[in-house]
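Here is the file coords.txt (compact mmCIF, C-alpha atoms (C1' of nucleotides)).
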```txt
# COMPACT_ATOMS: atom_id res chain seq x y z
CA MET P 252 -43.11 -8.84 -22.00
CA SER P 253 -41.83 -9.42 -25.52
CA ALA P 254 -38.83 -11.54 -26.30
CA ASN P 255 -37.37 -8.34 -27.66
CA ALA P 256 -37.67 -6.43 -24.41
CA SER P 257 -35.88 -9.19 -22.59
CA ALA P 258 -33.11 -9.23 -25.20
CA VAL P 259 -32.71 -5.48 -24.86
CA ARG P 260 -32.53 -5.65 -21.08
CA ARG P 261 -29.99 -8.43 -21.28
CA SER P 262 -27.81 -6.47 -23.67
CA VAL P 263 -28.11 -3.31 -21.61
CA ASN P 264 -27.13 -5.28 -18.58
CA ALA P 265 -24.17 -6.87 -20.27
CA ASP P 266 -23.03 -3.45 -21.43
CA ALA P 267 -23.63 -1.82 -18.10
CA LYS P 268 -20.89 -3.94 -16.64
CA LEU P 269 -18.25 -3.23 -19.27
CA GLU P 270 -16.81 -0.30 -17.33
CA LEU P 271 -16.55 -2.38 -14.18
CA LYS P 272 -14.93 -5.29 -15.97
CA LEU P 273 -12.53 -2.96 -17.69
CA TRP P 274 -11.53 -1.40 -14.39
CA LEU P 275 -11.01 -4.78 -12.76
CA ARG P 276 -8.85 -5.91 -15.63
CA LEU P 277 -6.81 -2.71 -15.52
CA LEU P 278 -6.29 -3.22 -11.81
CA ALA P 279 -5.36 -6.87 -12.27
CA CYS P 280 -2.75 -6.11 -14.93
CA THR P 281 -1.18 -3.37 -12.83
CA THR P 282 -1.17 -5.55 -9.72
CA ILE P 283 0.48 -8.43 -11.54
CA VAL P 284 3.24 -6.24 -12.95
CA GLU P 285 3.77 -4.52 -9.60
CA ARG P 286 4.03 -7.80 -7.72
CA ASP P 287 6.53 -9.15 -10.19
CA LEU P 288 8.71 -6.03 -10.17
CA ARG P 289 8.58 -5.75 -6.38
CA SER P 290 9.56 -9.37 -5.92
CA ARG P 291 12.45 -9.11 -8.36
CA LEU P 292 13.75 -5.82 -6.96
CA ARG P 293 13.79 -7.35 -3.51
CA GLN P 294 15.46 -10.58 -4.60
CA ARG P 295 18.09 -9.15 -6.93
CA PHE P 296 18.79 -5.82 -5.25
CA GLY P 297 17.25 -5.89 -1.79
CA SER P 298 15.24 -2.84 -2.74
CA THR P 299 11.60 -1.87 -3.23
CA LEU P 300 9.45 -0.27 -5.89
CA PRO P 301 8.81 3.01 -4.04
CA ARG P 302 12.53 3.43 -3.43
CA PHE P 303 13.37 2.65 -7.02
CA ASP P 304 10.73 5.09 -8.23
CA LEU P 305 12.04 7.86 -6.04
CA LEU P 306 15.61 7.27 -7.20
CA SER P 307 14.33 7.26 -10.76
CA GLN P 308 12.74 10.68 -10.34
CA LEU P 309 15.96 12.08 -8.95
CA ASP P 310 18.01 10.50 -11.72
CA ARG P 311 16.16 12.52 -14.30
CA ALA P 312 16.37 15.71 -12.24
CA PRO P 313 20.12 16.28 -11.71
CA GLU P 314 19.47 19.58 -9.94
CA GLY P 315 17.32 17.74 -7.41
CA LEU P 316 13.68 17.98 -6.39
CA SER P 317 11.81 19.38 -3.43
CA MET P 318 9.70 17.12 -1.23
CA GLY P 319 6.55 18.55 -2.80
CA GLU P 320 7.80 17.90 -6.33
CA LEU P 321 8.61 14.32 -5.40
CA SER P 322 5.17 13.95 -3.85
CA SER P 323 3.31 15.11 -6.93
CA ARG P 324 5.49 13.23 -9.41
CA LEU P 325 5.19 9.98 -7.50
CA MET P 326 1.49 10.64 -6.85
CA VAL P 327 1.85 9.91 -3.16
CA SER P 328 1.23 12.04 -0.08
CA ASN P 329 3.74 14.46 1.38
CA GLY P 330 4.06 12.39 4.54
CA ASN P 331 4.86 9.36 2.48
CA VAL P 332 7.75 11.14 0.76
CA THR P 333 9.06 12.30 4.13
CA GLY P 334 9.36 8.74 5.38
CA LEU P 335 10.65 7.30 2.12
CA THR P 336 13.32 9.98 1.82
CA GLU P 337 14.36 9.46 5.43
CA ARG P 338 15.06 5.79 4.74
CA LEU P 339 17.00 6.56 1.58
CA VAL P 340 19.06 9.18 3.42
CA ARG P 341 19.80 6.60 6.10
CA GLU P 342 20.93 4.20 3.38
CA GLY P 343 23.15 6.90 1.91
CA LEU P 344 21.44 6.90 -1.50
CA VAL P 345 20.05 10.44 -1.43
CA LYS P 346 20.90 13.63 0.41
CA ARG P 347 18.93 16.70 1.38
CA THR P 348 20.33 20.21 1.21
CA ALA P 349 18.63 23.25 2.67
CA SER P 350 17.50 25.87 0.23
CA PRO P 351 19.06 29.26 1.00
CA ALA P 352 16.18 31.17 -0.59
CA ASP P 353 13.26 29.45 1.12
CA ARG P 354 13.90 27.75 4.42
CA ARG P 355 10.69 25.74 4.21
CA THR P 356 11.97 23.65 1.35
CA SER P 357 14.98 21.46 0.80
CA ARG P 358 16.41 19.91 -2.29
CA VAL P 359 16.75 16.13 -2.52
CA THR P 360 19.47 14.79 -4.79
CA LEU P 361 21.10 11.45 -5.56
CA THR P 362 24.41 10.75 -3.85
CA ALA P 363 27.16 9.07 -5.85
CA ALA P 364 26.17 5.81 -4.19
CA GLY P 365 22.53 6.48 -5.07
CA LYS P 366 23.42 7.07 -8.71
CA ARG P 367 25.47 3.86 -8.75
CA ALA P 368 22.65 1.90 -7.15
CA PHE P 369 20.10 3.24 -9.61
CA ASP P 370 22.34 2.59 -12.62
CA ALA P 371 22.86 -0.96 -11.42
CA MET P 372 19.12 -1.62 -11.17
CA THR P 373 17.69 0.16 -14.16
CA PRO P 374 18.74 -2.19 -16.99
CA ASP P 375 17.22 -5.17 -15.19
CA HIS P 376 14.14 -3.16 -14.34
CA GLU P 377 13.63 -2.32 -17.98
CA ALA P 378 14.25 -5.88 -19.11
CA TRP P 379 11.70 -7.21 -16.62
CA ILE P 380 9.08 -4.84 -18.00
CA ASP P 381 9.91 -5.79 -21.57
CA GLU P 382 9.45 -9.40 -20.61
CA LEU P 383 6.19 -8.83 -18.79
CA LEU P 384 4.69 -6.97 -21.74
CA SER P 385 6.10 -9.27 -24.40
CA GLY P 386 2.78 -11.06 -24.79
CA LEU P 387 1.57 -8.14 -26.87
CA SER P 388 2.92 -7.31 -30.30
CA ARG P 389 4.51 -3.94 -30.86
CA ASP P 390 1.35 -2.74 -32.58
CA GLU P 391 -0.82 -3.92 -29.72
CA GLN P 392 1.49 -2.23 -27.24
CA ALA P 393 1.29 1.02 -29.21
CA LEU P 394 -2.50 0.78 -29.40
CA LEU P 395 -2.79 0.07 -25.69
CA HIS P 396 -0.45 2.98 -25.00
CA ARG P 397 -2.63 5.27 -27.08
CA LEU P 398 -5.88 4.17 -25.45
CA LEU P 399 -4.46 4.56 -21.95
CA GLY P 400 -3.18 7.99 -22.92
CA LYS P 401 -6.64 9.05 -23.94
CA LEU P 402 -8.12 7.58 -20.78
CA LYS P 403 -5.57 9.30 -18.59
CA SER P 404 -6.08 12.67 -20.23
CA THR P 405 -9.83 12.50 -19.64
CA MET P 406 -9.69 11.52 -15.99
CA PRO P 407 -9.96 14.02 -13.10
CA ALA P 408 -6.40 13.92 -11.83
CA GLY P 409 -5.08 13.52 -15.35
CA GLN P 410 -4.46 17.22 -15.93
CA ASN P 411 -1.99 17.95 -13.18
CA GLY P 412 -0.56 15.31 -10.85
CA THR P 413 0.93 12.74 -13.15
CA VAL P 414 3.16 9.79 -12.57
CA ARG P 415 6.42 10.36 -14.35
CA LEU P 416 8.70 7.52 -13.43
CA MET W 41 28.46 5.93 -39.94
CA SER W 42 25.66 6.08 -42.49
CA ALA W 43 22.56 8.22 -42.07
CA ASN W 44 20.74 4.93 -42.19
CA ALA W 45 22.55 3.42 -39.23
CA SER W 46 21.77 6.47 -37.18
CA ALA W 47 18.12 6.33 -38.19
CA VAL W 48 17.99 2.67 -37.23
CA ARG W 49 19.57 3.30 -33.86
CA ARG W 50 17.21 6.17 -33.21
CA SER W 51 14.20 4.06 -34.09
CA VAL W 52 15.44 1.14 -32.01
CA ASN W 53 15.95 3.47 -29.11
CA ALA W 54 12.53 5.03 -29.43
CA ASP W 55 10.99 1.58 -29.63
CA ALA W 56 13.01 0.26 -26.75
CA LYS W 57 11.19 2.62 -24.45
CA LEU W 58 7.65 1.78 -25.56
CA GLU W 59 7.26 -0.98 -22.98
CA LEU W 60 8.42 1.31 -20.20
CA LYS W 61 6.13 4.14 -21.29
CA LEU W 62 3.23 1.72 -21.58
CA TRP W 63 3.85 0.40 -18.09
CA LEU W 64 4.05 3.90 -16.62
CA ARG W 65 0.81 4.87 -18.30
CA LEU W 66 -0.90 1.72 -17.08
CA LEU W 67 0.28 2.48 -13.57
CA ALA W 68 -0.80 6.11 -13.79
CA CYS W 69 -4.31 5.21 -14.95
CA THR W 70 -4.74 2.65 -12.19
CA THR W 71 -3.40 5.03 -9.57
CA ILE W 72 -5.74 7.83 -10.65
CA VAL W 73 -8.79 5.56 -10.51
CA GLU W 74 -7.74 4.09 -7.18
CA ARG W 75 -7.17 7.49 -5.60
CA ASP W 76 -10.54 8.71 -6.77
CA LEU W 77 -12.43 5.64 -5.58
CA ARG W 78 -10.63 5.60 -2.24
CA SER W 79 -11.36 9.26 -1.62
CA ARG W 80 -15.04 8.88 -2.51
CA LEU W 81 -15.52 5.71 -0.47
CA ARG W 82 -14.06 7.46 2.54
CA GLN W 83 -16.08 10.65 2.10
CA ARG W 84 -19.44 9.09 1.27
CA PHE W 85 -19.28 5.90 3.32
CA GLY W 86 -16.37 6.18 5.71
CA SER W 87 -14.95 3.03 4.17
CA THR W 88 -11.89 1.99 2.19
CA LEU W 89 -11.09 0.19 -1.03
CA PRO W 90 -9.62 -2.97 0.56
CA ARG W 91 -12.69 -3.32 2.77
CA PHE W 92 -15.06 -2.77 -0.13
CA ASP W 93 -13.17 -5.30 -2.22
CA LEU W 94 -13.31 -7.90 0.51
CA LEU W 95 -17.04 -7.36 1.03
CA SER W 96 -17.50 -7.58 -2.73
CA GLN W 97 -15.81 -10.97 -2.83
CA LEU W 98 -18.05 -12.26 -0.08
CA ASP W 99 -21.15 -10.83 -1.73
CA ARG W 100 -20.62 -13.02 -4.75
CA ALA W 101 -19.83 -16.09 -2.62
CA PRO W 102 -22.93 -16.58 -0.45
CA GLU W 103 -21.51 -19.75 1.05
CA GLY W 104 -18.49 -17.76 2.23
CA LEU W 105 -14.78 -18.00 1.55
CA SER W 106 -11.76 -19.24 3.44
CA MET W 107 -8.92 -16.89 4.33
CA GLY W 108 -6.79 -18.44 1.61
CA GLU W 109 -9.48 -18.00 -1.03
CA LEU W 110 -9.84 -14.36 -0.06
CA SER W 111 -6.08 -13.94 -0.22
CA SER W 112 -5.78 -15.32 -3.73
CA ARG W 113 -8.86 -13.54 -5.08
CA LEU W 114 -7.79 -10.19 -3.71
CA MET W 115 -4.19 -10.86 -4.72
CA VAL W 116 -2.86 -9.92 -1.32
CA SER W 117 -0.90 -11.86 1.29
CA ASN W 118 -2.46 -14.16 3.86
CA GLY W 119 -1.38 -11.93 6.70
CA ASN W 120 -3.03 -8.99 5.06
CA VAL W 121 -6.35 -10.82 4.89
CA THR W 122 -6.03 -11.77 8.55
CA GLY W 123 -5.83 -8.12 9.58
CA LEU W 124 -8.44 -6.87 7.14
CA THR W 125 -10.91 -9.53 8.23
CA GLU W 126 -10.25 -8.77 11.89
CA ARG W 127 -11.24 -5.14 11.36
CA LEU W 128 -14.38 -6.06 9.44
CA VAL W 129 -15.38 -8.55 12.16
CA ARG W 130 -14.86 -5.79 14.74
CA GLU W 131 -17.14 -3.55 12.66
CA GLY W 132 -19.74 -6.32 12.49
CA LEU W 133 -19.72 -6.54 8.69
CA VAL W 134 -18.39 -10.10 8.36
CA LYS W 135 -18.29 -13.15 10.57
CA ARG W 136 -16.06 -16.20 10.75
CA THR W 137 -17.34 -19.68 11.42
CA ALA W 138 -15.13 -22.64 12.15
CA SER W 139 -15.17 -25.43 9.60
CA PRO W 140 -16.19 -28.74 11.18
CA ALA W 141 -14.33 -30.79 8.57
CA ASP W 142 -10.96 -29.02 8.71
CA ARG W 143 -10.07 -27.16 11.85
CA ARG W 144 -7.31 -25.22 10.14
CA THR W 145 -9.76 -23.23 8.02
CA SER W 146 -12.71 -21.02 8.77
CA ARG W 147 -15.38 -19.64 6.53
CA VAL W 148 -15.83 -15.89 6.26
CA THR W 149 -19.31 -14.64 5.35
CA LEU W 150 -21.16 -11.34 5.20
CA THR W 151 -23.36 -10.50 8.15
CA ALA W 152 -26.76 -8.91 7.49
CA ALA W 153 -25.18 -5.55 8.32
CA GLY W 154 -22.32 -6.33 5.96
CA LYS W 155 -24.71 -7.16 3.15
CA ARG W 156 -26.62 -3.93 3.79
CA ALA W 157 -23.42 -1.89 3.85
CA PHE W 158 -22.22 -3.44 0.60
CA ASP W 159 -25.58 -2.95 -1.12
CA ALA W 160 -25.56 0.68 -0.06
CA MET W 161 -22.12 1.29 -1.55
CA THR W 162 -22.14 -0.70 -4.74
CA PRO W 163 -24.39 1.48 -6.95
CA ASP W 164 -22.29 4.55 -6.23
CA HIS W 165 -19.11 2.55 -6.70
CA GLU W 166 -20.26 1.47 -10.13
CA ALA W 167 -21.39 4.97 -11.08
CA TRP W 168 -18.02 6.41 -10.10
CA ILE W 169 -16.26 3.92 -12.32
CA ASP W 170 -18.61 4.63 -15.21
CA GLU W 171 -17.84 8.30 -14.81
CA LEU W 172 -14.08 7.79 -14.59
CA LEU W 173 -14.04 5.72 -17.77
CA SER W 174 -16.52 7.86 -19.66
CA GLY W 175 -13.74 9.56 -21.61
CA LEU W 176 -13.54 6.48 -23.81
CA SER W 177 -16.29 5.45 -26.21
CA ARG W 178 -17.92 2.08 -25.77
CA ASP W 179 -15.83 0.72 -28.64
CA GLU W 180 -12.64 2.06 -27.15
CA GLN W 181 -13.55 0.56 -23.79
CA ALA W 182 -14.20 -2.80 -25.42
CA LEU W 183 -10.91 -2.64 -27.29
CA LEU W 184 -9.00 -1.69 -24.16
CA HIS W 185 -10.74 -4.51 -22.30
CA ARG W 186 -9.69 -6.96 -24.97
CA LEU W 187 -6.07 -5.81 -25.06
CA LEU W 188 -5.76 -5.94 -21.28
CA GLY W 189 -7.28 -9.40 -21.32
CA LYS W 190 -4.63 -10.57 -23.72
CA LEU W 191 -1.92 -8.93 -21.66
CA LYS W 192 -3.20 -10.46 -18.46
CA SER W 193 -3.41 -13.94 -19.92
CA THR W 194 0.20 -13.79 -21.08
CA MET W 195 1.69 -12.56 -17.82
CA PRO W 196 3.29 -14.85 -15.19
CA ALA W 197 0.67 -14.59 -12.45
CA GLY W 198 -2.10 -14.46 -15.04
CA GLN W 199 -2.80 -18.19 -14.96
CA ASN W 200 -3.75 -18.67 -11.34
CA GLY W 201 -4.05 -15.83 -8.83
CA THR W 202 -6.47 -13.44 -10.42
CA VAL W 203 -8.25 -10.39 -9.11
CA ARG W 204 -11.96 -11.01 -9.25
CA LEU W 205 -13.61 -8.06 -7.59
C1' DG I 104 -0.39 -46.16 13.53
C1' DG I 105 3.13 -42.87 13.39
C1' DA I 106 6.91 -40.00 11.25
C1' DA I 107 7.35 -36.83 7.49
C1' DA I 108 5.46 -33.79 4.34
C1' DT I 109 1.98 -30.68 3.18
C1' DT I 110 -1.54 -27.23 3.87
C1' DA I 111 -3.99 -23.23 6.14
C1' DT I 112 -3.46 -19.68 8.81
C1' DT I 113 -1.44 -16.43 12.18
C1' DT I 114 2.30 -13.88 14.04
C1' DT I 115 6.18 -10.85 13.68
C1' DA I 116 8.83 -7.18 12.09
C1' DT I 117 9.04 -3.78 8.94
C1' DA I 118 7.77 -0.85 5.23
C1' DC I 119 4.40 1.80 2.76
C1' DT I 120 0.40 4.80 2.63
C1' DT I 121 -3.07 7.92 3.77
C1' DA I 122 -5.75 11.96 5.90
C1' DA I 123 -5.71 15.35 9.01
C1' DA I 124 -3.51 18.26 12.29
C1' DA I 125 0.49 20.73 13.48
C1' DT I 126 4.56 23.45 12.54
C1' DA I 127 7.16 26.77 10.41
C1' DA I 128 8.39 29.97 6.84
C1' DT I 129 6.94 33.08 3.18
C1' DT I 130 3.87 36.21 0.85
C1' DT I 131 0.03 39.40 0.60
C1' DC I 132 -1.94 43.43 1.40
C1' DC I 133 -3.47 46.89 4.04
C1' DG C 34 5.77 46.80 9.20
C1' DG C 35 2.62 43.61 10.83
C1' DA C 36 -1.70 40.67 10.79
C1' DA C 37 -3.73 37.33 7.83
C1' DA C 38 -3.42 34.11 4.31
C1' DT C 39 -0.80 30.91 1.88
C1' DT C 40 2.70 27.46 1.10
C1' DA C 41 5.96 23.57 2.25
C1' DT C 42 6.74 20.18 5.07
C1' DT C 43 6.51 17.13 9.18
C1' DT C 44 4.02 14.71 12.61
C1' DT C 45 0.42 11.70 14.15
C1' DA C 46 -2.63 7.89 14.22
C1' DA C 47 -4.37 4.38 11.84
C1' DG C 48 -4.79 1.24 8.12
C1' DT C 49 -2.72 -1.55 4.35
C1' DA C 50 0.88 -4.59 2.72
C1' DT C 51 4.74 -7.68 2.53
C1' DA C 52 8.05 -11.67 3.57
C1' DA C 53 9.47 -14.87 6.59
C1' DA C 54 8.94 -17.60 10.62
C1' DA C 55 5.88 -19.94 13.60
C1' DT C 56 1.83 -22.64 14.71
C1' DA C 57 -1.40 -26.02 14.13
C1' DA C 58 -4.05 -29.39 11.65
C1' DT C 59 -4.34 -32.69 7.89
C1' DT C 60 -2.58 -35.97 4.62
C1' DT C 61 0.78 -39.23 2.86
C1' DC C 62 2.93 -43.26 2.92
C1' DC C 63 5.49 -46.63 4.77
```
Can you give me the file's structure in the form of structure tokens?
Amino acid sequence: MSANASAVRRSVNADAKLELKLWLRLLACTTIVERDLRSRLRQRFGSTLPRFDLLSQLDRAPEGLSMGELSSRLMVSNGNVTGLTERLVREGLVKRTASPADRRTSRVTLTAAGKRAFDAMTPDHEAWIDELLSGLSRDEQALLHRLLGKLKSTMPAGQNGTVRL
Amino acid sequence: MSANASAVRRSVNADAKLELKLWLRLLACTTIVERDLRSRLRQRFGSTLPRFDLLSQLDRAPEGLSMGELSSRLMVSNGNVTGLTERLVREGLVKRTASPADRRTSRVTLTAAGKRAFDAMTPDHEAWIDELLSGLSRDEQALLHRLLGKLKSTMPAGQNGTVRL
DNA sequence: GGAAATTATTTTATACTTAAAATAATTTCC
DNA sequence: GGAAATTATTTTAAGTATAAAATAATTTCC
């Protein structure tokens, strides 16, 4: 075997793992941000990320959303939304109203208390994210945003079900 | 108010949301990959991502790992590792051996069956990731990898607890 | 050598999450 | 108009995850 062949194999090998390393790094970054946000939401507001995300969806949909719409926007299962909504109803932050047209569906909307709670959390939430991402310059952030956008648009679930927090 | 002031405010506003949009995109990409991997692991191997990740950690640590080491490498709580390990022991994929030196800790290692199961899954796992990330060129992947590395190293939990799957 | 502090892990209570099955209402299409 | 297919949601069973308290062993340090 030539020295060349061995160099080629080594480089192929090193390259072959780039996708895996990239994925692990993507996962690590997301996990770190999630942990930080979750911990802060709990400490400062006694809330959780899934609850905040659901409130956030409703905040930008004043006319309310169906369970199915919530499910696809949050990228979680229907059953998950059922339970999450139940807890938020119990806390008085959202309410469900039956749809007159279609009795299978119901519309979930923020209550006044829910709107207040969300408005109280959202500035901190945004500041925490700014802080977490502050290690990158604005240009780096924009570049990262662009690359992730391309990645997202080329992945299987990228077409339809999309997280829109 | 000058046209300038309004332009500045608009640009500040647009910029102010870049961090948030970047975070949401990061989360969306991770969620899409996770969903896909989870679904495939279940369908092809009747397994799950947390189990695969734990096996993967053990595969690269032939001498085994303590519960605490697993916890910090997987970036999950101690209690979580306790339950996860219990299930894998029940399935015969890992085993725990008491440490003679320190009776508080025990070493978790792959069984022969665990090693076989992991070896059977890992080529597919890697191929799935390659496929998911194939929408980016090698250069784009490398650039994304570099940017995420910088981000990770500048975030709070980035110093110590790190995902090493 | 023994009390106090630390470390490693488990337990507890609860929340989050899924996949698959079940339920219930609507629509399609003869 | 009614059977069959589809759609929207809930229920079920199990796994994943956390934070906080509890347990148990080791280390520190007088």
Requested in this report: Would you mind listing what lies within 12 Å of Arg311 in chain P as a PyMOL selection string, with all atoms listed in the file counted and same-chain residues fewer than 5 positions away left out?
Outcome: chain P and resi 304-306+316+321+324+360-361+366+369-370+415-416
Report task. Can you check which residues of chain P have any atom within 10 Å of chain C? Use only C-alpha atoms (C1' of nucleotides) and format it as a PyMOL selection string. Result -> chain P and resi 289-290+317-319+329-330+333-334+353-357
Prev. selection, C-alpha atoms, output as a short mmCIF file (atom, residue, chain, number, x, y, z; two decimals), in the coordinates of the input:
```
data_model
loop_
_atom_site.label_atom_id
_atom_site.label_comp_id
_atom_site.auth_asym_id
_atom_site.auth_seq_id
_atom_site.Cartn_x
_atom_site.Cartn_y
_atom_site.Cartn_z
CA ARG P 289 8.58 -5.75 -6.38
CA SER P 290 9.56 -9.37 -5.92
CA SER P 317 11.81 19.38 -3.43
CA MET P 318 9.70 17.12 -1.23
CA GLY P 319 6.55 18.55 -2.80
CA ASN P 329 3.74 14.46 1.38
CA GLY P 330 4.06 12.39 4.54
CA THR P 333 9.06 12.30 4.13
CA GLY P 334 9.36 8.74 5.38
CA ASP P 353 13.26 29.45 1.12
CA ARG P 354 13.90 27.75 4.42
CA ARG P 355 10.69 25.74 4.21
CA THR P 356 11.97 23.65 1.35
CA SER P 357 14.98 21.46 0.80
#
```
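Proximity of P:Asn331, P:Ser298, P:Ser323, P:Ser388 to chain I, computed with all atoms listed in the file, is greatest for P:Asn331.
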**Report entry** Test item: chain W residues at most 6 Å from chain P, counting all atoms listed in the file, as a PyMOL selection string
**Finding:** chain W and resi 59+62+68-69+170+172+175+185+192+194-195+203
**Report entry** Contact residues (chain I, partner chain P, 8 Å, only C-alpha atoms (C1' of nucleotides)) as a list in words
**Finding:**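 Only these qualify: DC119, DT120, DT121, DA127, DA128 and DT129 of chain I.
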Query raised in the report: Interatomic distance between CA of Gln83 in chain W and C1' of DA123 in chain I?
Result: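 It comes out at 13.3 Å.
Going from C1' of DT114 in chain I to CA of Gln97 in chain W covers 24.9 Å.
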Please report, as JSON, the centre and edge lengths in Å to one decimal of an axis-aligned box covering all listed atoms of range 106-124 of chain I with 8 Å per side.
```
{"center_x": 1.6, "center_y": -10.9, "center_z": 8.3, "size_x": 30.8, "size_y": 74.3, "size_z": 27.4}
```
Report task. For CA of Phe85 in chain W and CA of Ala157 in chain W, quote the distance in Å rounded to one decimal. Result -> 8.8 Å
